[in-house]
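Source file final_18.pdb; content: PDB, C-alpha atoms, pLDDT in the B column.
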```pdb
ATOM      1  CA  MET A   1      -7.435  22.314  17.722  1.00 74.00           C
ATOM      2  CA  TYR A   2      -8.064  24.605  14.746  1.00 74.00           C
ATOM      3  CA  SER A   3      -4.693  26.312  15.245  1.00 82.00           C
ATOM      4  CA  VAL A   4      -2.920  22.927  15.214  1.00 86.00           C
ATOM      5  CA  PHE A   5      -4.858  21.941  12.096  1.00 88.00           C
ATOM      6  CA  ILE A   6      -3.855  25.137  10.262  1.00 87.00           C
ATOM      7  CA  LYS A   7      -0.250  24.804  11.442  1.00 84.00           C
ATOM      8  CA  GLU A   8       0.000  21.268  10.074  1.00 85.00           C
ATOM      9  CA  ILE A   9      -1.639  22.137   6.764  1.00 84.00           C
ATOM     10  CA  ASN A  10       0.722  25.108   6.305  1.00 85.00           C
ATOM     11  CA  GLY A  11       3.663  22.894   7.252  1.00 81.00           C
ATOM     12  CA  PHE A  12       2.758  20.417   4.542  1.00 80.00           C
ATOM     13  CA  LEU A  13       2.096  23.069   1.919  1.00 78.00           C
ATOM     14  CA  ASN A  14       5.432  24.745   2.677  1.00 80.00           C
ATOM     15  CA  SER A  15       7.390  21.533   2.143  1.00 77.00           C
ATOM     16  CA  PHE A  16       7.890  19.261  -0.830  1.00 77.00           C
ATOM     17  CA  VAL A  17       6.836  16.146   1.085  1.00 74.00           C
ATOM     18  CA  ALA A  18       3.102  16.594   0.552  1.00 74.00           C
ATOM     19  CA  TYR A  19       3.452  17.565  -3.104  1.00 81.00           C
ATOM     20  CA  ILE A  20       5.827  14.711  -3.915  1.00 84.00           C
ATOM     21  CA  SER A  21       3.708  12.182  -2.006  1.00 81.00           C
ATOM     22  CA  ILE A  22       0.494  13.207  -3.753  1.00 83.00           C
ATOM     23  CA  ALA A  23       2.244  13.344  -7.141  1.00 87.00           C
ATOM     24  CA  VAL A  24       3.615   9.816  -6.637  1.00 85.00           C
ATOM     25  CA  PHE A  25       0.155   8.596  -5.591  1.00 86.00           C
ATOM     26  CA  LEU A  26      -1.567  10.084  -8.636  1.00 88.00           C
ATOM     27  CA  THR A  27       1.180   8.906 -10.988  1.00 89.00           C
ATOM     28  CA  GLY A  28       1.058   5.377  -9.610  1.00 87.00           C
ATOM     29  CA  ILE A  29      -2.728   5.148  -9.817  1.00 88.00           C
ATOM     30  CA  GLY A  30      -2.697   6.757 -13.266  1.00 86.00           C
ATOM     31  CA  LEU A  31      -0.200   4.192 -14.591  1.00 87.00           C
ATOM     32  CA  LEU A  32      -2.239   1.336 -13.150  1.00 85.00           C
ATOM     33  CA  MET A  33      -5.496   2.752 -14.516  1.00 85.00           C
ATOM     34  CA  TRP A  34      -4.416   3.658 -18.043  1.00 83.00           C
ATOM     35  CA  VAL A  35      -0.939   2.353 -18.946  1.00 82.00           C
ATOM     36  CA  PHE A  36      -0.071  -1.062 -17.516  1.00 83.00           C
ATOM     37  CA  PRO A  37      -1.826  -3.616 -19.756  1.00 77.00           C
ATOM     38  CA  GLU A  38      -2.619  -6.043 -16.914  1.00 77.00           C
ATOM     39  CA  THR A  39      -4.625  -3.436 -15.003  1.00 78.00           C
ATOM     40  CA  SER A  40      -5.584  -0.834 -17.609  1.00 79.00           C
ATOM     41  CA  VAL A  41      -9.288  -0.037 -17.733  1.00 77.00           C
ATOM     42  CA  LEU A  42      -8.908   0.261 -21.515  1.00 73.00           C
ATOM     43  CA  ASN A  43      -8.355  -3.509 -21.696  1.00 74.00           C
ATOM     44  CA  TYR A  44     -11.239  -4.491 -19.418  1.00 68.00           C
ATOM     45  CA  GLY A  45     -13.967  -4.297 -22.015  1.00 62.00           C
ATOM     46  CA  PHE A  46     -16.353  -2.711 -19.540  1.00 66.00           C
ATOM     47  CA  ALA A  47     -16.508   0.594 -17.691  1.00 65.00           C
ATOM     48  CA  ASP A  48     -15.566   0.547 -14.015  1.00 75.00           C
ATOM     49  CA  LEU A  49     -12.937   1.841 -11.587  1.00 81.00           C
ATOM     50  CA  GLU A  50     -11.986  -1.494 -10.047  1.00 81.00           C
ATOM     51  CA  THR A  51      -8.279  -0.789 -10.573  1.00 82.00           C
ATOM     52  CA  LEU A  52      -8.462   2.381  -8.486  1.00 86.00           C
ATOM     53  CA  PHE A  53     -10.268   0.735  -5.589  1.00 88.00           C
ATOM     54  CA  SER A  54      -8.256  -2.498  -5.721  1.00 86.00           C
ATOM     55  CA  PHE A  55      -4.778  -0.989  -5.926  1.00 88.00           C
ATOM     56  CA  GLY A  56      -5.469   2.336  -4.189  1.00 89.00           C
ATOM     57  CA  PRO A  57      -5.030   0.847  -0.684  1.00 91.00           C
ATOM     58  CA  TYR A  58      -1.550  -0.440  -1.537  1.00 90.00           C
ATOM     59  CA  VAL A  59      -0.502   2.977  -2.835  1.00 89.00           C
ATOM     60  CA  PHE A  60      -2.058   4.471   0.323  1.00 92.00           C
ATOM     61  CA  LEU A  61       0.298   2.270   2.363  1.00 92.00           C
ATOM     62  CA  PHE A  62       3.119   4.565   1.253  1.00 91.00           C
ATOM     63  CA  LEU A  63       1.293   7.845   0.686  1.00 90.00           C
ATOM     64  CA  VAL A  64      -0.300   8.170   4.119  1.00 93.00           C
ATOM     65  CA  PRO A  65       2.849   7.367   6.178  1.00 93.00           C
ATOM     66  CA  ALA A  66       4.721   9.949   4.077  1.00 90.00           C
ATOM     67  CA  ILE A  67       2.116  12.532   5.103  1.00 90.00           C
ATOM     68  CA  THR A  68       1.991  11.595   8.799  1.00 92.00           C
ATOM     69  CA  MET A  69       5.622  10.717   9.521  1.00 91.00           C
ATOM     70  CA  ARG A  70       6.595  14.231  10.588  1.00 88.00           C
ATOM     71  CA  MET A  71       3.613  15.081  12.786  1.00 89.00           C
ATOM     72  CA  PHE A  72       4.966  14.189  16.222  1.00 91.00           C
ATOM     73  CA  ALA A  73       8.404  12.871  15.254  1.00 89.00           C
ATOM     74  CA  GLU A  74       9.509  16.302  14.028  1.00 86.00           C
ATOM     75  CA  GLU A  75       8.070  17.979  17.135  1.00 85.00           C
ATOM     76  CA  LYS A  76      10.030  15.595  19.360  1.00 85.00           C
ATOM     77  CA  ASN A  77      13.242  15.924  17.365  1.00 84.00           C
ATOM     78  CA  SER A  78      13.138  19.724  17.316  1.00 82.00           C
ATOM     79  CA  GLY A  79      12.090  19.984  20.971  1.00 79.00           C
ATOM     80  CA  THR A  80       8.895  21.890  20.179  1.00 80.00           C
ATOM     81  CA  LEU A  81       6.556  19.199  21.506  1.00 78.00           C
ATOM     82  CA  GLU A  82       6.918  20.394  25.094  1.00 76.00           C
ATOM     83  CA  LEU A  83       6.247  23.963  23.956  1.00 78.00           C
ATOM     84  CA  LEU A  84       3.150  22.779  22.111  1.00 78.00           C
ATOM     85  CA  MET A  85       1.929  21.023  25.238  1.00 78.00           C
ATOM     86  CA  THR A  86       2.092  24.308  27.178  1.00 75.00           C
ATOM     87  CA  LYS A  87      -0.496  25.855  24.870  1.00 79.00           C
ATOM     88  CA  PRO A  88      -4.104  26.085  26.113  1.00 80.00           C
ATOM     89  CA  LEU A  89      -4.922  22.863  24.293  1.00 81.00           C
ATOM     90  CA  THR A  90      -5.614  19.380  25.554  1.00 86.00           C
ATOM     91  CA  GLU A  91      -3.612  16.427  24.270  1.00 88.00           C
ATOM     92  CA  PHE A  92      -6.715  15.155  22.528  1.00 89.00           C
ATOM     93  CA  GLN A  93      -7.187  18.478  20.716  1.00 91.00           C
ATOM     94  CA  ILE A  94      -3.576  18.429  19.534  1.00 92.00           C
ATOM     95  CA  ILE A  95      -3.861  14.852  18.291  1.00 93.00           C
ATOM     96  CA  LEU A  96      -7.195  15.498  16.612  1.00 93.00           C
ATOM     97  CA  GLY A  97      -5.867  18.638  14.914  1.00 93.00           C
ATOM     98  CA  LYS A  98      -2.927  16.715  13.474  1.00 93.00           C
ATOM     99  CA  PHE A  99      -5.110  13.787  12.474  1.00 95.00           C
ATOM    100  CA  LEU A 100      -7.637  16.001  10.676  1.00 95.00           C
ATOM    101  CA  ALA A 101      -4.824  17.803   8.847  1.00 93.00           C
ATOM    102  CA  GLY A 102      -3.399  14.513   7.577  1.00 93.00           C
ATOM    103  CA  PHE A 103      -6.846  13.195   6.715  1.00 95.00           C
ATOM    104  CA  THR A 104      -7.627  16.370   4.792  1.00 93.00           C
ATOM    105  CA  LEU A 105      -4.514  15.913   2.668  1.00 91.00           C
ATOM    106  CA  VAL A 106      -5.445  12.292   1.996  1.00 92.00           C
ATOM    107  CA  ILE A 107      -8.891  13.364   0.788  1.00 93.00           C
ATOM    108  CA  PHE A 108      -7.299  16.164  -1.238  1.00 90.00           C
ATOM    109  CA  SER A 109      -5.082  13.595  -2.974  1.00 90.00           C
ATOM    110  CA  LEU A 110      -8.181  11.640  -4.009  1.00 91.00           C
ATOM    111  CA  ILE A 111      -9.993  14.578  -5.578  1.00 91.00           C
ATOM    112  CA  PRO A 112      -8.058  14.482  -8.904  1.00 91.00           C
ATOM    113  CA  THR A 113      -9.019  10.805  -9.337  1.00 90.00           C
ATOM    114  CA  VAL A 114     -12.605  11.970  -9.917  1.00 90.00           C
ATOM    115  CA  LEU A 115     -11.349  12.786 -13.419  1.00 89.00           C
ATOM    116  CA  TYR A 116     -10.917   9.045 -13.912  1.00 87.00           C
ATOM    117  CA  TYR A 117     -14.613   8.569 -13.216  1.00 87.00           C
ATOM    118  CA  PHE A 118     -15.642  11.124 -15.824  1.00 87.00           C
ATOM    119  CA  SER A 119     -13.181   9.638 -18.327  1.00 85.00           C
ATOM    120  CA  VAL A 120     -14.554   6.130 -17.853  1.00 84.00           C
ATOM    121  CA  TYR A 121     -18.093   7.566 -17.869  1.00 82.00           C
ATOM    122  CA  HIS A 122     -17.592   8.972 -21.368  1.00 81.00           C
ATOM    123  CA  LEU A 123     -15.617   5.954 -22.602  1.00 76.00           C
ATOM    124  CA  GLY A 124     -18.513   3.633 -21.813  1.00 69.00           C
ATOM    125  CA  ASN A 125     -20.614   2.172 -24.589  1.00 70.00           C
ATOM    126  CA  PRO A 126     -23.073   3.788 -24.425  1.00 73.00           C
ATOM    127  CA  PRO A 127     -21.601   6.782 -22.544  1.00 73.00           C
ATOM    128  CA  GLY A 128     -22.644   6.734 -18.911  1.00 68.00           C
ATOM    129  CA  ASN A 129     -22.633   2.931 -18.739  1.00 74.00           C
ATOM    130  CA  ILE A 130     -21.068   2.864 -15.273  1.00 80.00           C
ATOM    131  CA  ASP A 131     -22.416   2.075 -11.832  1.00 80.00           C
ATOM    132  CA  THR A 132     -22.268   5.602 -10.365  1.00 82.00           C
ATOM    133  CA  ALA A 133     -23.818   4.589  -7.019  1.00 82.00           C
ATOM    134  CA  GLY A 134     -21.256   1.808  -6.691  1.00 82.00           C
ATOM    135  CA  VAL A 135     -18.413   4.219  -7.460  1.00 87.00           C
ATOM    136  CA  ILE A 136     -19.638   6.643  -4.784  1.00 88.00           C
ATOM    137  CA  GLY A 137     -19.820   3.817  -2.252  1.00 86.00           C
ATOM    138  CA  SER A 138     -16.332   2.670  -3.202  1.00 88.00           C
ATOM    139  CA  TYR A 139     -14.981   6.200  -2.754  1.00 92.00           C
ATOM    140  CA  ILE A 140     -16.510   6.261   0.738  1.00 92.00           C
ATOM    141  CA  GLY A 141     -14.655   3.036   1.496  1.00 91.00           C
ATOM    142  CA  LEU A 142     -11.353   4.446   0.218  1.00 93.00           C
ATOM    143  CA  ILE A 143     -11.837   7.638   2.253  1.00 94.00           C
ATOM    144  CA  LEU A 144     -12.550   5.629   5.414  1.00 95.00           C
ATOM    145  CA  LEU A 145      -9.472   3.516   4.729  1.00 95.00           C
ATOM    146  CA  GLY A 146      -7.423   6.696   4.374  1.00 95.00           C
ATOM    147  CA  GLY A 147      -8.747   7.850   7.748  1.00 96.00           C
ATOM    148  CA  VAL A 148      -7.655   4.602   9.428  1.00 97.00           C
ATOM    149  CA  PHE A 149      -4.201   4.723   7.819  1.00 96.00           C
ATOM    150  CA  THR A 150      -3.879   8.361   8.915  1.00 96.00           C
ATOM    151  CA  SER A 151      -4.687   7.459  12.532  1.00 96.00           C
ATOM    152  CA  ILE A 152      -2.117   4.632  12.398  1.00 97.00           C
ATOM    153  CA  GLY A 153       0.452   7.033  10.950  1.00 96.00           C
ATOM    154  CA  VAL A 154      -0.180   9.572  13.726  1.00 96.00           C
ATOM    155  CA  LEU A 155       0.309   6.825  16.314  1.00 96.00           C
ATOM    156  CA  ALA A 156       3.557   5.702  14.653  1.00 96.00           C
ATOM    157  CA  SER A 157       4.827   9.291  14.604  1.00 94.00           C
ATOM    158  CA  SER A 158       4.148   9.646  18.334  1.00 93.00           C
ATOM    159  CA  LEU A 159       6.297   6.592  19.100  1.00 93.00           C
ATOM    160  CA  THR A 160       9.575   7.999  17.783  1.00 91.00           C
ATOM    161  CA  ASN A 161      11.509  11.197  17.126  1.00 90.00           C
ATOM    162  CA  ASN A 162      12.841   9.953  13.771  1.00 93.00           C
ATOM    163  CA  GLN A 163      10.712  10.593  10.697  1.00 92.00           C
ATOM    164  CA  ILE A 164      12.166   7.667   8.734  1.00 93.00           C
ATOM    165  CA  VAL A 165      11.446   5.265  11.589  1.00 95.00           C
ATOM    166  CA  SER A 166       7.942   6.733  11.829  1.00 95.00           C
ATOM    167  CA  PHE A 167       7.447   6.187   8.081  1.00 95.00           C
ATOM    168  CA  ILE A 168       8.581   2.548   8.185  1.00 96.00           C
ATOM    169  CA  LEU A 169       6.622   1.800  11.351  1.00 96.00           C
ATOM    170  CA  ALA A 170       3.446   3.298   9.886  1.00 96.00           C
ATOM    171  CA  ILE A 171       3.809   1.179   6.733  1.00 95.00           C
ATOM    172  CA  PHE A 172       4.368  -1.946   8.822  1.00 95.00           C
ATOM    173  CA  LEU A 173       1.409  -1.344  11.139  1.00 95.00           C
ATOM    174  CA  SER A 174      -0.896  -0.343   8.276  1.00 95.00           C
ATOM    175  CA  PHE A 175       0.024  -3.474   6.330  1.00 94.00           C
ATOM    176  CA  ILE A 176      -0.525  -5.707   9.372  1.00 93.00           C
ATOM    177  CA  PHE A 177      -3.953  -4.232  10.025  1.00 93.00           C
ATOM    178  CA  TYR A 178      -4.868  -4.234   6.333  1.00 93.00           C
ATOM    179  CA  TYR A 179      -3.656  -7.649   5.203  1.00 90.00           C
ATOM    180  CA  GLY A 180      -2.136  -9.382   8.230  1.00 89.00           C
ATOM    181  CA  PHE A 181      -5.312 -10.794   9.748  1.00 87.00           C
ATOM    182  CA  GLN A 182      -6.395 -12.327   6.455  1.00 85.00           C
ATOM    183  CA  SER A 183      -2.989 -13.982   6.110  1.00 85.00           C
ATOM    184  CA  ILE A 184      -3.179 -15.325   9.649  1.00 85.00           C
ATOM    185  CA  ALA A 185      -6.717 -16.583   9.044  1.00 83.00           C
ATOM    186  CA  GLY A 186      -5.435 -18.406   5.958  1.00 81.00           C
ATOM    187  CA  ILE A 187      -3.214 -20.655   8.082  1.00 82.00           C
ATOM    188  CA  ASN A 188      -4.916 -24.024   8.210  1.00 80.00           C
ATOM    189  CA  ILE A 189      -5.032 -24.381  11.996  1.00 82.00           C
ATOM    190  CA  TRP A 190      -7.989 -22.267  13.041  1.00 75.00           C
ATOM    191  CA  GLY A 191     -10.881 -24.336  11.764  1.00 76.00           C
ATOM    192  CA  GLY A 192     -14.162 -22.484  12.188  1.00 75.00           C
ATOM    193  CA  TYR A 193     -12.429 -19.541  13.867  1.00 82.00           C
ATOM    194  CA  ALA A 194     -10.652 -18.474  10.661  1.00 82.00           C
ATOM    195  CA  SER A 195     -13.574 -16.324   9.503  1.00 84.00           C
ATOM    196  CA  ILE A 196     -13.708 -14.597  12.892  1.00 85.00           C
ATOM    197  CA  ILE A 197      -9.992 -13.775  12.782  1.00 86.00           C
ATOM    198  CA  GLU A 198     -10.365 -12.466   9.231  1.00 87.00           C
ATOM    199  CA  GLN A 199     -13.045 -10.018  10.357  1.00 88.00           C
ATOM    200  CA  PHE A 200     -10.550  -8.268  12.646  1.00 90.00           C
ATOM    201  CA  GLY A 201      -8.617  -7.117   9.581  1.00 91.00           C
ATOM    202  CA  ILE A 202      -9.295  -4.054   7.457  1.00 92.00           C
ATOM    203  CA  LEU A 203      -9.275  -5.936   4.149  1.00 91.00           C
ATOM    204  CA  TYR A 204     -12.367  -7.970   5.068  1.00 90.00           C
ATOM    205  CA  HIS A 205     -14.435  -4.826   5.637  1.00 91.00           C
ATOM    206  CA  TYR A 206     -12.866  -2.831   2.812  1.00 91.00           C
ATOM    207  CA  ASN A 207     -13.748  -5.540   0.283  1.00 87.00           C
ATOM    208  CA  PHE A 208     -17.437  -4.899   0.937  1.00 86.00           C
ATOM    209  CA  LEU A 209     -17.118  -1.125   0.712  1.00 85.00           C
ATOM    210  CA  SER A 210     -14.960  -1.276  -2.430  1.00 80.00           C
ATOM    211  CA  LYS A 211     -17.853  -3.004  -4.170  1.00 77.00           C
ATOM    212  CA  GLY A 212     -20.113  -0.091  -3.268  1.00 74.00           C
ATOM    213  CA  LEU A 213     -21.880  -2.038  -0.505  1.00 77.00           C
ATOM    214  CA  ILE A 214     -22.270   0.499   2.307  1.00 82.00           C
ATOM    215  CA  ASP A 215     -23.046  -1.392   5.486  1.00 83.00           C
ATOM    216  CA  LEU A 216     -23.279   0.313   8.885  1.00 88.00           C
ATOM    217  CA  GLY A 217     -21.209  -2.420  10.538  1.00 89.00           C
ATOM    218  CA  ASN A 218     -18.289  -1.875   8.170  1.00 91.00           C
ATOM    219  CA  VAL A 219     -18.443   1.909   8.593  1.00 93.00           C
ATOM    220  CA  VAL A 220     -18.498   1.533  12.389  1.00 95.00           C
ATOM    221  CA  TYR A 221     -15.477  -0.781  12.152  1.00 95.00           C
ATOM    222  CA  PHE A 222     -13.384   1.842  10.342  1.00 95.00           C
ATOM    223  CA  ILE A 223     -14.418   4.627  12.700  1.00 96.00           C
ATOM    224  CA  SER A 224     -13.719   2.415  15.718  1.00 96.00           C
ATOM    225  CA  ILE A 225     -10.210   1.495  14.546  1.00 96.00           C
ATOM    226  CA  ALA A 226      -9.387   5.165  13.908  1.00 96.00           C
ATOM    227  CA  LEU A 227     -10.650   6.126  17.379  1.00 96.00           C
ATOM    228  CA  ILE A 228      -8.619   3.341  19.003  1.00 96.00           C
ATOM    229  CA  MET A 229      -5.463   4.559  17.267  1.00 96.00           C
ATOM    230  CA  ILE A 230      -6.144   8.139  18.354  1.00 96.00           C
ATOM    231  CA  LEU A 231      -6.682   6.992  21.952  1.00 95.00           C
ATOM    232  CA  LEU A 232      -3.459   4.978  21.827  1.00 96.00           C
ATOM    233  CA  THR A 233      -1.657   8.094  20.587  1.00 95.00           C
ATOM    234  CA  LYS A 234      -3.036  10.013  23.548  1.00 93.00           C
ATOM    235  CA  LEU A 235      -1.806   7.236  25.835  1.00 94.00           C
ATOM    236  CA  VAL A 236       1.681   7.488  24.318  1.00 92.00           C
ATOM    237  CA  LEU A 237       1.779  11.268  24.823  1.00 88.00           C
ATOM    238  CA  SER A 238       0.418  10.976  28.365  1.00 85.00           C
ATOM    239  CA  SER A 239       3.129   8.439  29.227  1.00 82.00           C
ATOM    240  CA  ARG A 240       5.665  11.303  29.196  1.00 66.00           C
ATOM    241  CA  LYS A 241       4.222  12.377  32.548  1.00 62.00           C
ATOM    242  CA  TRP A 242       4.595   8.975  34.190  1.00 53.00           C
TER     243      TRP A 242
END
```

Render the structure in this file as structure tokens.
Amino acid sequence: MYSVFIKEINGFLNSFVAYISIAVFLTGIGLLMWVFPETSVLNYGFADLETLFSFGPYVFLFLVPAITMRMFAEEKNSGTLELLMTKPLTEFQIILGKFLAGFTLVIFSLIPTVLYYFSVYHLGNPPGNIDTAGVIGSYIGLILLGGVFTSIGVLASSLTNNQIVSFILAIFLSFIFYYGFQSIAGINIWGGYASIIEQFGILYHYNFLSKGLIDLGNVVYFISIALIMILLTKLVLSSRKW
């Protein structure tokens, strides 16, 4: 698993995809945080990072698929997947190595945004007038969301040998899981079941975490979804033997 992890990290660092994706993510968040008047923290009148945690998931919808699109699709297209499967590694170890590599890059892309926290911290009146515990909790929520999107992206990459198709499919699936259930629940036909349907979606659980409210149930939800996606990826790879 470690060898797969290192291979994927080196693959990303040796290509422009990771750098461009992370640069686009940071530029987009930076513009939303500091430039666009409708979302700029400078126009809020109070110190917080709501813009980052509200709009970050939508930027993640494009960043994470860009990171994961090549993982299995490129292996299939180049014919190296079968060679990889002959290594003394289980399918689960291969999947986990690729997932952890993508997840690491997602976390790495978030690290520069810590500068936003320190900037807002010093811009507060008085300086330090910011809910630090809430910010930490919100970062945990964004990291967990990145993990789920990474697992969805790995699954999408395993379903095709075309990186562009993998990218589009990952965006579609991530959006459905993030916002789709809330949209479905909003249809006025479910009655009392609407709230239950809404709880299947990521947005319902992320809303709590983005407010800094760390609840074990929400954390378990994110971990469970990521595990399900990883298991589905294993099922897709195992289907080659059927």

Starting from the displayed file, determine the output of the PyMOL selection byres ((chain A and resi 202) around 12) and express the residue list as an MDAnalysis selection string.
chainID A and resid 57 141:142 144:149 173:183 197:201 203:210 218:226

For those residues, write C-alpha atoms to a file as a PDB file, in the frame of the given file.
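So the final result, stored in result.pdb, reads:
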```pdb
ATOM      1  CA  PRO A  57      -5.030   0.847  -0.684  1.00 91.00           C
ATOM      2  CA  GLY A 141     -14.655   3.036   1.496  1.00 91.00           C
ATOM      3  CA  LEU A 142     -11.353   4.446   0.218  1.00 93.00           C
ATOM      4  CA  LEU A 144     -12.550   5.629   5.414  1.00 95.00           C
ATOM      5  CA  LEU A 145      -9.472   3.516   4.729  1.00 95.00           C
ATOM      6  CA  GLY A 146      -7.423   6.696   4.374  1.00 95.00           C
ATOM      7  CA  GLY A 147      -8.747   7.850   7.748  1.00 96.00           C
ATOM      8  CA  VAL A 148      -7.655   4.602   9.428  1.00 97.00           C
ATOM      9  CA  PHE A 149      -4.201   4.723   7.819  1.00 96.00           C
ATOM     10  CA  LEU A 173       1.409  -1.344  11.139  1.00 95.00           C
ATOM     11  CA  SER A 174      -0.896  -0.343   8.276  1.00 95.00           C
ATOM     12  CA  PHE A 175       0.024  -3.474   6.330  1.00 94.00           C
ATOM     13  CA  ILE A 176      -0.525  -5.707   9.372  1.00 93.00           C
ATOM     14  CA  PHE A 177      -3.953  -4.232  10.025  1.00 93.00           C
ATOM     15  CA  TYR A 178      -4.868  -4.234   6.333  1.00 93.00           C
ATOM     16  CA  TYR A 179      -3.656  -7.649   5.203  1.00 90.00           C
ATOM     17  CA  GLY A 180      -2.136  -9.382   8.230  1.00 89.00           C
ATOM     18  CA  PHE A 181      -5.312 -10.794   9.748  1.00 87.00           C
ATOM     19  CA  GLN A 182      -6.395 -12.327   6.455  1.00 85.00           C
ATOM     20  CA  SER A 183      -2.989 -13.982   6.110  1.00 85.00           C
ATOM     21  CA  ILE A 197      -9.992 -13.775  12.782  1.00 86.00           C
ATOM     22  CA  GLU A 198     -10.365 -12.466   9.231  1.00 87.00           C
ATOM     23  CA  GLN A 199     -13.045 -10.018  10.357  1.00 88.00           C
ATOM     24  CA  PHE A 200     -10.550  -8.268  12.646  1.00 90.00           C
ATOM     25  CA  GLY A 201      -8.617  -7.117   9.581  1.00 91.00           C
ATOM     26  CA  LEU A 203      -9.275  -5.936   4.149  1.00 91.00           C
ATOM     27  CA  TYR A 204     -12.367  -7.970   5.068  1.00 90.00           C
ATOM     28  CA  HIS A 205     -14.435  -4.826   5.637  1.00 91.00           C
ATOM     29  CA  TYR A 206     -12.866  -2.831   2.812  1.00 91.00           C
ATOM     30  CA  ASN A 207     -13.748  -5.540   0.283  1.00 87.00           C
ATOM     31  CA  PHE A 208     -17.437  -4.899   0.937  1.00 86.00           C
ATOM     32  CA  LEU A 209     -17.118  -1.125   0.712  1.00 85.00           C
ATOM     33  CA  SER A 210     -14.960  -1.276  -2.430  1.00 80.00           C
ATOM     34  CA  ASN A 218     -18.289  -1.875   8.170  1.00 91.00           C
ATOM     35  CA  VAL A 219     -18.443   1.909   8.593  1.00 93.00           C
ATOM     36  CA  VAL A 220     -18.498   1.533  12.389  1.00 95.00           C
ATOM     37  CA  TYR A 221     -15.477  -0.781  12.152  1.00 95.00           C
ATOM     38  CA  PHE A 222     -13.384   1.842  10.342  1.00 95.00           C
ATOM     39  CA  ILE A 223     -14.418   4.627  12.700  1.00 96.00           C
ATOM     40  CA  SER A 224     -13.719   2.415  15.718  1.00 96.00           C
ATOM     41  CA  ILE A 225     -10.210   1.495  14.546  1.00 96.00           C
ATOM     42  CA  ALA A 226      -9.387   5.165  13.908  1.00 96.00           C
TER      43      ALA A 226
END
```

Give me the residues near stretch 5-20 of chain A as a PDB file with C-alpha atoms, in the coordinates of the input, where near means some atom within 7 Å (using all atoms listed in the file) and where sequence neighbours in that chain fewer than 3 positions away do not count.
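What ended up in selection.pdb:
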```pdb
ATOM      1  CA  MET A   1      -7.435  22.314  17.722  1.00 74.00           C
ATOM      2  CA  TYR A   2      -8.064  24.605  14.746  1.00 74.00           C
ATOM      3  CA  ALA A  23       2.244  13.344  -7.141  1.00 87.00           C
ATOM      4  CA  VAL A  24       3.615   9.816  -6.637  1.00 85.00           C
ATOM      5  CA  ILE A  67       2.116  12.532   5.103  1.00 90.00           C
ATOM      6  CA  GLY A  97      -5.867  18.638  14.914  1.00 93.00           C
ATOM      7  CA  LYS A  98      -2.927  16.715  13.474  1.00 93.00           C
ATOM      8  CA  LEU A 100      -7.637  16.001  10.676  1.00 95.00           C
ATOM      9  CA  ALA A 101      -4.824  17.803   8.847  1.00 93.00           C
TER      10      ALA A 101
END
```

Need to verify the contact set: A:Tyr121, 12 Å, all atoms listed in the file, exclusion of same-chain residues closer than 3 positions in sequence. Can you return it as an MDAnalysis selection string?
chainID A and resid 41 46:49 114:118 124:132 135

Could you expand the PyMOL selection byres ((chain A and resi 112) around 12) into the explicit residues it covers here, written as a list in words?
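Selection result, ordered by chain and number: Ile22, Ala23, Phe25, Leu26, Thr27, Ile29, Gly30, Val106, Ile107, Phe108, Ser109, Leu110, Ile111, Thr113, Val114, Leu115, Tyr116, Tyr117, Phe118 and Ser119 of chain A.
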
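Atom CA of A:Ser54 is positioned 27.7 Å from atom CA of A:Arg70.
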
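From atom CA of A:Ser238 back to atom CA of A:Thr160, the distance works out to 14.3 Å.
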
Enter the distance from atom CA of A:Met229 to atom CA of A:Gln93, in Å, rounded to one decimal.
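These two atoms are separated by 14.4 Å.
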
All file atoms of stretch 126-139 of chain A boxed axis-aligned, 3 Å per side, centre plus edges, as AutoDock Vina command-line options:
```
--center_x -19.4 --center_y 4.3 --center_z -13.3 --size_x 14.8 --size_y 11.0 --size_z 28.2
```

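Note on the selection: in this file the PyMOL selection byres ((chain A and resi 167) around 10) comes out as Leu61, Phe62, Leu63, Val64, Pro65, Ala66, Ile67, Thr68, Met69, Arg70, Ala73, Gly153, Ala156, Ser157, Asn162, Gln163, Ile164, Val165, Ser166, Ile168, Leu169, Ala170, Ile171 and Phe172 of chain A.
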